[in-house]
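Raw contents of structure-v8.cif, mmCIF, C-alpha atoms (C1' of nucleotides):
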```
data_upload
loop_
_atom_site.label_atom_id
_atom_site.label_comp_id
_atom_site.auth_asym_id
_atom_site.auth_seq_id
_atom_site.Cartn_x
_atom_site.Cartn_y
_atom_site.Cartn_z
CA MET K 1 0.00 0.00 0.00
CA GLN K 2 2.85 2.29 -0.74
CA ASP K 3 1.49 3.49 -4.03
CA PRO K 4 -1.31 6.01 -3.75
CA CYS K 5 -2.31 5.43 -7.36
CA GLN K 6 -3.15 1.84 -6.63
CA ALA K 7 -5.14 2.84 -3.61
CA ARG K 8 -7.09 5.14 -5.85
CA GLU K 9 -7.99 2.51 -8.37
CA VAL K 10 -9.48 0.26 -5.73
CA LEU K 11 -11.45 3.14 -4.39
CA GLY K 12 -13.01 3.37 -7.80
CA ILE K 13 -14.55 0.00 -7.16
CA VAL K 14 -14.99 0.04 -3.44
CA GLY K 15 -16.16 3.60 -3.35
CA ASP K 16 -18.89 2.99 -5.86
CA LYS K 17 -22.27 3.69 -4.37
CA TRP K 18 -23.71 0.29 -5.24
CA ALA K 19 -20.85 -2.06 -6.08
CA LEU K 20 -20.16 -3.47 -2.64
CA LEU K 21 -23.85 -3.88 -1.94
CA ILE K 22 -24.15 -6.01 -5.06
CA VAL K 23 -21.06 -8.03 -4.20
CA ARG K 24 -22.57 -8.57 -0.80
CA MET K 25 -25.84 -9.88 -2.23
CA LEU K 26 -23.93 -12.42 -4.31
CA LYS K 27 -21.96 -13.90 -1.47
CA ASP K 28 -24.22 -16.95 -1.15
CA GLY K 29 -24.32 -17.81 -4.82
CA PRO K 30 -25.74 -16.57 -8.11
CA ARG K 31 -28.65 -14.19 -8.23
CA ARG K 32 -30.86 -12.99 -11.02
CA PHE K 33 -31.34 -9.42 -12.16
CA THR K 34 -34.76 -8.84 -10.68
CA GLU K 35 -33.78 -10.64 -7.53
CA LEU K 36 -30.94 -8.16 -7.04
CA LYS K 37 -33.16 -5.26 -7.89
CA ARG K 38 -35.62 -6.27 -5.21
CA SER K 39 -33.07 -6.91 -2.50
CA ILE K 40 -31.00 -3.77 -2.93
CA ASP K 41 -33.23 -1.09 -1.62
CA GLY K 42 -33.39 2.11 -3.60
CA ILE K 43 -31.32 1.06 -6.59
CA SER K 44 -32.73 2.04 -9.96
CA GLN K 45 -32.88 -0.35 -12.87
CA ARG K 46 -30.38 1.77 -14.68
CA MET K 47 -27.82 1.84 -11.90
CA LEU K 48 -28.13 -1.88 -11.36
CA THR K 49 -27.41 -2.49 -15.03
CA VAL K 50 -24.53 -0.04 -15.14
CA THR K 51 -22.90 -1.29 -11.95
CA LEU K 52 -23.25 -4.93 -12.97
CA ARG K 53 -21.58 -4.10 -16.27
CA ASP K 54 -18.69 -2.40 -14.51
CA LEU K 55 -18.20 -5.30 -12.13
CA GLU K 56 -18.32 -7.74 -14.99
CA ARG K 57 -15.74 -5.68 -16.84
CA ASP K 58 -13.49 -5.68 -13.79
CA GLY K 59 -13.71 -9.45 -13.55
CA ILE K 60 -15.52 -9.33 -10.21
CA LEU K 61 -18.57 -11.20 -11.42
CA THR K 62 -19.83 -13.15 -14.42
CA ARG K 63 -23.02 -12.69 -16.37
CA THR K 64 -24.75 -15.79 -17.64
CA VAL K 65 -27.61 -15.60 -20.10
CA ARG K 66 -29.95 -18.52 -20.55
CA ASN K 67 -31.68 -18.07 -23.87
CA VAL K 68 -35.25 -18.79 -23.03
CA MET K 69 -38.46 -16.86 -23.04
CA PRO K 70 -38.73 -14.96 -20.79
CA PRO K 71 -35.00 -14.23 -20.52
CA HIS K 72 -33.06 -15.61 -17.59
CA VAL K 73 -29.81 -13.87 -16.62
CA SER K 74 -27.84 -14.66 -13.53
CA TYR K 75 -24.84 -13.04 -11.92
CA GLU K 76 -22.21 -14.80 -9.89
CA LEU K 77 -19.00 -13.78 -8.18
CA THR K 78 -15.78 -14.89 -9.79
CA THR K 79 -12.94 -16.23 -7.66
CA MET K 80 -11.53 -12.73 -7.58
CA GLY K 81 -14.94 -11.40 -6.62
CA ARG K 82 -15.07 -13.74 -3.68
CA THR K 83 -11.68 -12.62 -2.46
CA LEU K 84 -12.81 -9.03 -2.75
CA ARG K 85 -15.83 -9.85 -0.69
CA GLU K 86 -13.60 -11.39 1.95
CA ALA K 87 -11.29 -8.40 1.94
CA THR K 88 -14.20 -6.10 2.68
CA ALA K 89 -15.45 -8.16 5.59
CA PRO K 90 -13.28 -6.41 8.21
CA LEU K 91 -14.65 -3.12 7.01
CA LEU K 92 -18.21 -4.26 7.48
CA ASP K 93 -17.38 -5.60 10.91
CA TRP K 94 -15.81 -2.27 11.70
CA SER K 95 -18.98 -0.49 10.65
CA ILE K 96 -21.19 -2.60 12.84
CA GLU K 97 -18.98 -1.84 15.79
CA HIS K 98 -18.41 1.86 15.21
CA LEU K 99 -21.46 3.30 13.55
CA PRO K 100 -23.02 4.20 16.90
CA HIS K 101 -19.82 6.04 17.81
CA ILE K 102 -19.85 7.86 14.52
CA ASP K 103 -23.43 8.93 14.97
CA ALA K 104 -22.60 10.11 18.47
CA ALA K 105 -19.55 12.00 17.23
CA ARG K 106 -21.65 13.71 14.59
CA ALA K 107 -24.31 14.70 17.05
CA ALA K 108 -21.69 16.11 19.40
CA TYR K 109 -20.02 18.00 16.59
CA ASP K 110 -23.27 19.46 15.37
CA ASN K 111 -24.14 20.69 18.84
CA ARG K 112 -21.71 23.57 18.48
CA MET J 1 -23.23 -7.18 8.21
CA GLN J 2 -26.81 -8.20 8.01
CA ASP J 3 -28.15 -4.70 7.77
CA PRO J 4 -27.73 -3.09 4.37
CA CYS J 5 -28.40 0.36 5.83
CA GLN J 6 -25.31 0.09 8.02
CA ALA J 7 -23.24 -1.04 5.10
CA ARG J 8 -24.40 2.03 3.28
CA GLU J 9 -23.38 4.46 5.97
CA VAL J 10 -19.82 3.17 6.00
CA LEU J 11 -19.70 3.42 2.27
CA GLY J 12 -20.39 7.09 2.74
CA ILE J 13 -17.02 7.36 4.44
CA VAL J 14 -15.11 4.68 2.63
CA GLY J 15 -16.51 5.60 -0.73
CA ASP J 16 -15.50 9.20 -0.40
CA LYS J 17 -13.05 10.16 -3.08
CA TRP J 18 -10.42 11.47 -0.69
CA ALA J 19 -11.22 10.24 2.82
CA LEU J 20 -9.24 7.01 2.84
CA LEU J 21 -6.28 8.67 1.18
CA ILE J 22 -6.19 11.18 4.01
CA VAL J 23 -6.58 8.49 6.65
CA ARG J 24 -3.75 6.69 5.00
CA MET J 25 -1.46 9.71 5.14
CA LEU J 26 -2.09 10.04 8.85
CA LYS J 27 -1.20 6.51 9.75
CA ASP J 28 2.27 7.41 10.99
CA GLY J 29 1.23 10.33 13.14
CA PRO J 30 -0.09 13.89 12.88
CA ARG J 31 0.31 15.89 9.71
CA ARG J 32 -0.24 19.52 8.88
CA PHE J 33 -2.61 20.94 6.33
CA THR J 34 -0.07 21.88 3.70
CA GLU J 35 1.79 18.67 4.27
CA LEU J 36 -1.35 16.72 3.41
CA LYS J 37 -2.05 18.93 0.45
CA ARG J 38 1.36 18.23 -0.99
CA SER J 39 1.31 14.50 -0.41
CA ILE J 40 -2.16 13.78 -1.75
CA ASP J 41 -1.76 14.25 -5.43
CA GLY J 42 -4.50 16.13 -7.20
CA ILE J 43 -6.55 17.20 -4.20
CA SER J 44 -7.77 20.77 -4.22
CA GLN J 45 -7.51 23.01 -1.22
CA ARG J 46 -11.25 23.06 -0.98
CA MET J 47 -11.69 19.31 -1.01
CA LEU J 48 -8.96 18.84 1.56
CA THR J 49 -10.69 21.28 3.88
CA VAL J 50 -14.12 19.78 3.31
CA THR J 51 -12.99 16.19 3.71
CA LEU J 52 -11.00 16.96 6.84
CA ARG J 53 -14.06 18.61 8.33
CA ASP J 54 -16.19 15.58 7.55
CA LEU J 55 -13.68 13.21 9.08
CA GLU J 56 -13.41 15.39 12.15
CA ARG J 57 -17.18 15.41 12.44
CA ASP J 58 -17.27 11.64 12.19
CA GLY J 59 -14.72 11.33 14.97
CA ILE J 60 -12.11 9.81 12.69
CA LEU J 61 -9.52 12.50 13.28
CA THR J 62 -8.85 15.52 15.48
CA ARG J 63 -7.92 19.01 14.47
CA THR J 64 -5.46 20.88 16.63
CA VAL J 65 -4.81 24.57 16.16
CA ARG J 66 -1.71 26.18 17.54
CA ASN J 67 -2.34 29.89 17.76
CA VAL J 68 0.76 31.36 16.30
CA MET J 69 1.59 33.44 13.30
CA PRO J 70 1.61 31.95 10.77
CA PRO J 71 -1.13 29.49 11.82
CA HIS J 72 -0.19 25.92 12.60
CA VAL J 73 -2.90 23.26 12.36
CA SER J 74 -2.29 19.57 12.64
CA TYR J 75 -4.53 16.57 12.08
CA GLU J 76 -4.26 13.26 13.83
CA LEU J 77 -6.21 10.03 13.78
CA THR J 78 -8.37 9.26 16.78
CA THR J 79 -8.43 5.79 18.24
CA MET J 80 -11.45 5.08 16.09
CA GLY J 81 -9.61 6.48 13.10
CA ARG J 82 -6.76 4.08 13.66
CA THR J 83 -9.12 1.11 13.84
CA LEU J 84 -10.70 2.26 10.59
CA ARG J 85 -7.29 2.41 9.02
CA GLU J 86 -6.62 -1.14 10.21
CA ALA J 87 -9.96 -2.36 8.89
CA THR J 88 -9.14 -1.05 5.44
CA ALA J 89 -5.73 -2.70 5.35
CA PRO J 90 -7.00 -6.03 3.91
CA LEU J 91 -8.66 -4.07 1.17
CA LEU J 92 -5.43 -2.34 0.24
CA ASP J 93 -3.59 -5.64 0.31
CA TRP J 94 -6.26 -7.05 -1.93
CA SER J 95 -5.76 -4.19 -4.37
CA ILE J 96 -2.02 -4.69 -4.57
CA GLU J 97 -2.57 -8.32 -5.37
CA HIS J 98 -5.44 -8.01 -7.80
CA LEU J 99 -5.08 -4.74 -9.65
CA PRO J 100 -3.09 -6.39 -12.44
CA HIS J 101 -5.88 -8.94 -12.83
CA ILE J 102 -8.46 -6.20 -12.93
CA ASP J 103 -6.57 -4.32 -15.59
CA ALA J 104 -6.25 -7.53 -17.59
CA ALA J 105 -9.96 -8.27 -17.17
CA ARG J 106 -10.82 -4.79 -18.40
CA ALA J 107 -8.56 -5.07 -21.41
CA ALA J 108 -10.08 -8.44 -22.29
CA TYR J 109 -13.60 -7.10 -21.86
CA ASP J 110 -12.91 -4.05 -23.98
CA ASN J 111 -11.51 -6.21 -26.79
CA ARG J 112 -15.00 -7.17 -27.85
"C1'" DC Y 1 -0.26 29.00 6.61
"C1'" DT Y 2 -4.91 27.60 6.73
"C1'" DG Y 3 -8.64 28.30 5.53
"C1'" DA Y 4 -13.76 30.65 3.85
"C1'" DA Y 5 -16.66 32.37 0.06
"C1'" DT Y 6 -18.11 32.37 -4.71
"C1'" DC Y 7 -18.70 30.92 -9.04
"C1'" DC Y 8 -19.01 27.46 -12.52
"C1'" DT Y 9 -18.98 22.96 -14.74
"C1'" DG Y 10 -19.35 17.99 -15.65
"C1'" DT Y 11 -21.15 14.18 -14.40
"C1'" DA Y 12 -23.78 10.83 -11.54
"C1'" DA Y 13 -27.92 9.15 -11.32
"C1'" DG Y 14 -33.26 9.29 -10.86
"C1'" DA Y 15 -37.61 9.07 -13.58
"C1'" DT Y 16 -39.83 7.55 -17.40
"C1'" DA Y 17 -40.89 5.13 -21.52
"C1'" DC Y 18 -39.86 1.64 -24.86
"C1'" DT Y 19 -38.17 -3.38 -26.55
"C1'" DG Y 20 -36.61 -8.40 -27.72
"C1'" DC H 1 -37.61 -10.70 -17.58
"C1'" DA H 2 -33.84 -7.97 -18.39
"C1'" DG H 3 -32.53 -4.66 -20.23
"C1'" DT H 4 -31.78 0.16 -23.54
"C1'" DA H 5 -32.63 5.09 -24.60
"C1'" DT H 6 -33.58 9.66 -23.46
"C1'" DC H 7 -34.35 13.49 -20.64
"C1'" DT H 8 -33.50 16.17 -16.63
"C1'" DT H 9 -31.66 17.58 -12.27
"C1'" DA H 10 -28.72 17.86 -8.18
"C1'" DC H 11 -24.71 17.98 -6.51
"C1'" DA H 12 -19.64 17.02 -6.30
"C1'" DG H 13 -15.86 19.22 -6.86
"C1'" DG H 14 -12.36 22.43 -9.54
"C1'" DA H 15 -10.62 27.22 -10.10
"C1'" DT H 16 -10.18 31.46 -8.22
"C1'" DT H 17 -10.21 35.10 -4.98
"C1'" DC H 18 -10.13 37.00 -0.41
"C1'" DA H 19 -8.91 36.92 4.80
"C1'" DG H 20 -7.17 36.25 9.82
#
```

Please go through the file and, once you have read it, give me the structure as structure tokens.
Amino acid sequence: MQDPCQAREVLGIVGDKWALLIVRMLKDGPRRFTELKRSIDGISQRMLTVTLRDLERDGILTRTVRNVMPPHVSYELTTMGRTLREATAPLLDWSIEHLPHIDAARAAYDNR
Amino acid sequence: MQDPCQAREVLGIVGDKWALLIVRMLKDGPRRFTELKRSIDGISQRMLTVTLRDLERDGILTRTVRNVMPPHVSYELTTMGRTLREATAPLLDWSIEHLPHIDAARAAYDNR
DNA sequence: CTGAATCCTGTAAGATACTG
DNA sequence: CAGTATCTTACAGGATTCAG
């Protein structure tokens, strides 16, 4: 982690508004488009499509189309995607533990 | 990490364009404003100020003003800030290891 | 040196409607 | 069902100037 430029490229993925939420939804196996749309609260159809494309491009997940009617498309983490998911776990643990503190800190700060 | 809403609040910090880069620069102790400005390539004065304020508000770092002329202000991670920094370490390790793969995946994807 | 205050712009992204 | 296309808007964030 010496090179700031590298750090910045990851942030492009990690810092994405929806990317980690999608990765998180895929941790237990493949999911379909509509399934993801339902389970990620507030995401628009457009942003789901766009973010899935980006993650596919980055090799984080795969997109599999079954050519039937109606269409059936499922998304699944690649090996790299799974390691990413594991690498973000400490961060999520951290959030669970510290979010109350953050909220408290904000409240204290705003009371001035 | 069951609650998506929590995940989303952390992403507000982690996903910030500059926040983690600042946290990273503070890992070895307090730094001054101009020092940070120099070492974080491409950050504007405005964004440094704004991001530092946000991180102070969140209780991630402290701002210490020494009242001399010229002014002397230094920023330092709080205990919580240091734990955040530690929680992001796996992610940075991950990036070092996988960025080449990501670049390759992108190149492959774009060649179609 | 360390900001605050404006101004200005590009882009992210929501809403909506259409399609194989 | 799983998208694409278009329009529109809000806001992030850069450049610049001023100030204690």

- Note on the structure: Judged by all atoms listed in the file, the minimum distance to H:DT16 among Y:DG14, Y:DC7, Y:DT2, Y:DG20 is found for Y:DC7

- Write down, as a PyMOL selection string, each residue of chain J that has any atom within 9 Å of an atom of chain H, counting only C-alpha atoms (C1' of nucleotides). chain J and resi 44+46-47

Mind writing the picked residues with C-alpha atoms as a compact mmCIF listing (two decimals), keeping the file's coordinate frame?
```txt
# COMPACT_ATOMS: atom_id res chain seq x y z
CA SER J 44 -7.77 20.77 -4.22
CA ARG J 46 -11.25 23.06 -0.98
CA MET J 47 -11.69 19.31 -1.01
```

- Chain and number of each residue from the PyMOL selection byres ((chain K and resi 84) around 10), as a ChimeraX atom specification: /K:14,20,23-24,60,77-83,85-89 /J:90-91,94-95,98

- Compute the chain Y side of the contact with chain J at 12 Å, counting all atoms listed in the file, and hand it back as a PyMOL selection string. chain Y and resi 1-5

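Atom CA of K:Glu9 sits 17.3 Å away from atom CA of J:Gly12.
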
As a CSV table (one decimal) with C-alpha atoms, in the frame of the given file, please: chain K after a least-squares superposition onto chain J using all C-alpha atoms matched in order.
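The file below, out_0.csv, is the result:
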```csv
chain,number,residue,atom,x,y,z
K,1,MET,CA,-23.2,-7.2,8.2
K,2,GLN,CA,-26.8,-8.2,8.0
K,3,ASP,CA,-28.2,-4.7,7.8
K,4,PRO,CA,-27.8,-3.0,4.4
K,5,CYS,CA,-28.4,0.4,5.9
K,6,GLN,CA,-25.3,0.1,8.0
K,7,ALA,CA,-23.3,-1.0,5.1
K,8,ARG,CA,-24.4,2.1,3.3
K,9,GLU,CA,-23.4,4.5,6.0
K,10,VAL,CA,-19.8,3.1,6.0
K,11,LEU,CA,-19.7,3.4,2.3
K,12,GLY,CA,-20.4,7.1,2.8
K,13,ILE,CA,-17.0,7.3,4.5
K,14,VAL,CA,-15.1,4.7,2.7
K,15,GLY,CA,-16.4,5.5,-0.6
K,16,ASP,CA,-15.4,9.1,-0.4
K,17,LYS,CA,-13.0,10.0,-3.1
K,18,TRP,CA,-10.4,11.4,-0.7
K,19,ALA,CA,-11.2,10.2,2.8
K,20,LEU,CA,-9.2,7.0,2.8
K,21,LEU,CA,-6.2,8.6,1.2
K,22,ILE,CA,-6.2,11.1,4.0
K,23,VAL,CA,-6.6,8.5,6.7
K,24,ARG,CA,-3.7,6.7,5.0
K,25,MET,CA,-1.4,9.7,5.2
K,26,LEU,CA,-2.1,10.0,8.9
K,27,LYS,CA,-1.2,6.5,9.8
K,28,ASP,CA,2.3,7.5,11.1
K,29,GLY,CA,1.2,10.4,13.2
K,30,PRO,CA,-0.1,13.9,12.9
K,31,ARG,CA,0.3,15.9,9.7
K,32,ARG,CA,-0.3,19.5,8.9
K,33,PHE,CA,-2.6,20.9,6.3
K,34,THR,CA,-0.1,21.9,3.7
K,35,GLU,CA,1.8,18.7,4.3
K,36,LEU,CA,-1.3,16.7,3.4
K,37,LYS,CA,-2.0,18.9,0.5
K,38,ARG,CA,1.4,18.2,-0.9
K,39,SER,CA,1.4,14.5,-0.4
K,40,ILE,CA,-2.1,13.7,-1.7
K,41,ASP,CA,-1.7,14.2,-5.4
K,42,GLY,CA,-4.4,16.1,-7.2
K,43,ILE,CA,-6.5,17.1,-4.2
K,44,SER,CA,-7.7,20.7,-4.3
K,45,GLN,CA,-7.5,23.0,-1.3
K,46,ARG,CA,-11.2,23.0,-1.1
K,47,MET,CA,-11.7,19.3,-1.1
K,48,LEU,CA,-8.9,18.8,1.5
K,49,THR,CA,-10.7,21.2,3.8
K,50,VAL,CA,-14.1,19.7,3.2
K,51,THR,CA,-13.0,16.1,3.7
K,52,LEU,CA,-11.0,16.9,6.8
K,53,ARG,CA,-14.1,18.6,8.2
K,54,ASP,CA,-16.2,15.5,7.5
K,55,LEU,CA,-13.7,13.2,9.0
K,56,GLU,CA,-13.4,15.4,12.1
K,57,ARG,CA,-17.2,15.4,12.4
K,58,ASP,CA,-17.3,11.6,12.2
K,59,GLY,CA,-14.7,11.3,15.0
K,60,ILE,CA,-12.1,9.8,12.7
K,61,LEU,CA,-9.5,12.5,13.3
K,62,THR,CA,-8.9,15.5,15.5
K,63,ARG,CA,-8.0,19.0,14.4
K,64,THR,CA,-5.5,20.9,16.6
K,65,VAL,CA,-4.9,24.6,16.2
K,66,ARG,CA,-1.8,26.2,17.6
K,67,ASN,CA,-2.5,29.9,17.8
K,68,VAL,CA,0.7,31.4,16.4
K,69,MET,CA,1.6,33.5,13.4
K,70,PRO,CA,1.6,31.9,10.9
K,71,PRO,CA,-1.1,29.5,11.9
K,72,HIS,CA,-0.2,25.9,12.7
K,73,VAL,CA,-2.9,23.3,12.4
K,74,SER,CA,-2.3,19.6,12.6
K,75,TYR,CA,-4.6,16.6,12.1
K,76,GLU,CA,-4.3,13.3,13.8
K,77,LEU,CA,-6.2,10.0,13.8
K,78,THR,CA,-8.4,9.3,16.8
K,79,THR,CA,-8.4,5.8,18.3
K,80,MET,CA,-11.4,5.1,16.1
K,81,GLY,CA,-9.6,6.5,13.1
K,82,ARG,CA,-6.7,4.1,13.7
K,83,THR,CA,-9.1,1.1,13.9
K,84,LEU,CA,-10.7,2.3,10.6
K,85,ARG,CA,-7.3,2.4,9.1
K,86,GLU,CA,-6.6,-1.1,10.2
K,87,ALA,CA,-9.9,-2.3,8.9
K,88,THR,CA,-9.1,-1.0,5.5
K,89,ALA,CA,-5.7,-2.7,5.4
K,90,PRO,CA,-7.0,-6.0,3.9
K,91,LEU,CA,-8.6,-4.0,1.1
K,92,LEU,CA,-5.4,-2.3,0.2
K,93,ASP,CA,-3.6,-5.6,0.3
K,94,TRP,CA,-6.3,-7.0,-2.0
K,95,SER,CA,-5.8,-4.1,-4.4
K,96,ILE,CA,-2.0,-4.6,-4.6
K,97,GLU,CA,-2.6,-8.3,-5.4
K,98,HIS,CA,-5.5,-7.9,-7.8
K,99,LEU,CA,-5.1,-4.7,-9.7
K,100,PRO,CA,-3.1,-6.3,-12.5
K,101,HIS,CA,-5.9,-8.9,-12.9
K,102,ILE,CA,-8.5,-6.2,-13.0
K,103,ASP,CA,-6.6,-4.3,-15.6
K,104,ALA,CA,-6.3,-7.5,-17.6
K,105,ALA,CA,-10.0,-8.3,-17.2
K,106,ARG,CA,-10.9,-4.8,-18.4
K,107,ALA,CA,-8.6,-5.1,-21.4
K,108,ALA,CA,-10.1,-8.4,-22.3
K,109,TYR,CA,-13.6,-7.1,-21.9
K,110,ASP,CA,-13.0,-4.1,-24.1
K,111,ASN,CA,-11.6,-6.2,-26.8
K,112,ARG,CA,-15.1,-7.3,-27.9
```

- Query: Please, which residues of chain K lie no more than 6 Å from chain J when the count uses only C-alpha atoms, and can they be set out as a VMD selection string?
  - Reply: chain K and resid 1 10 15 57 to 59 87 90 to 92 95 102 105 to 106 109

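Going from atom CA of J:Thr51 over to atom CA of J:Gly29, you cover 18.0 Å.
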
- Give as a PyMOL selection string the residues that the PyMOL selection byres ((chain K and resi 31) around 6) matches when applied to the coordinates above. chain K and resi 30+32+74-75

File dump, residues just selected, C-alpha atoms, as an mmCIF file, keeping the file's coordinate frame:
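Produced file part16.cif, reproduced below:
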```cif
data_model
loop_
_atom_site.group_PDB
_atom_site.id
_atom_site.type_symbol
_atom_site.label_atom_id
_atom_site.label_comp_id
_atom_site.auth_asym_id
_atom_site.auth_seq_id
_atom_site.Cartn_x
_atom_site.Cartn_y
_atom_site.Cartn_z
ATOM 1 C CA PRO K 30 -25.740 -16.570 -8.110
ATOM 2 C CA ARG K 32 -30.860 -12.990 -11.020
ATOM 3 C CA SER K 74 -27.840 -14.660 -13.530
ATOM 4 C CA TYR K 75 -24.840 -13.040 -11.920
#
```

Please, what is the axis-aligned box for every listed atom of stretch 14-17 of chain H with 4 Å on each side, as centre and edge lengths in Å to one decimal, as JSON?
```
{"center_x": -11.3, "center_y": 28.8, "center_z": -7.5, "size_x": 10.2, "size_y": 20.7, "size_z": 13.1}
```

- Which distance in Å separates atom C1' of Y:DT6 and atom CA of J:Leu52, to one decimal? 20.5 Å
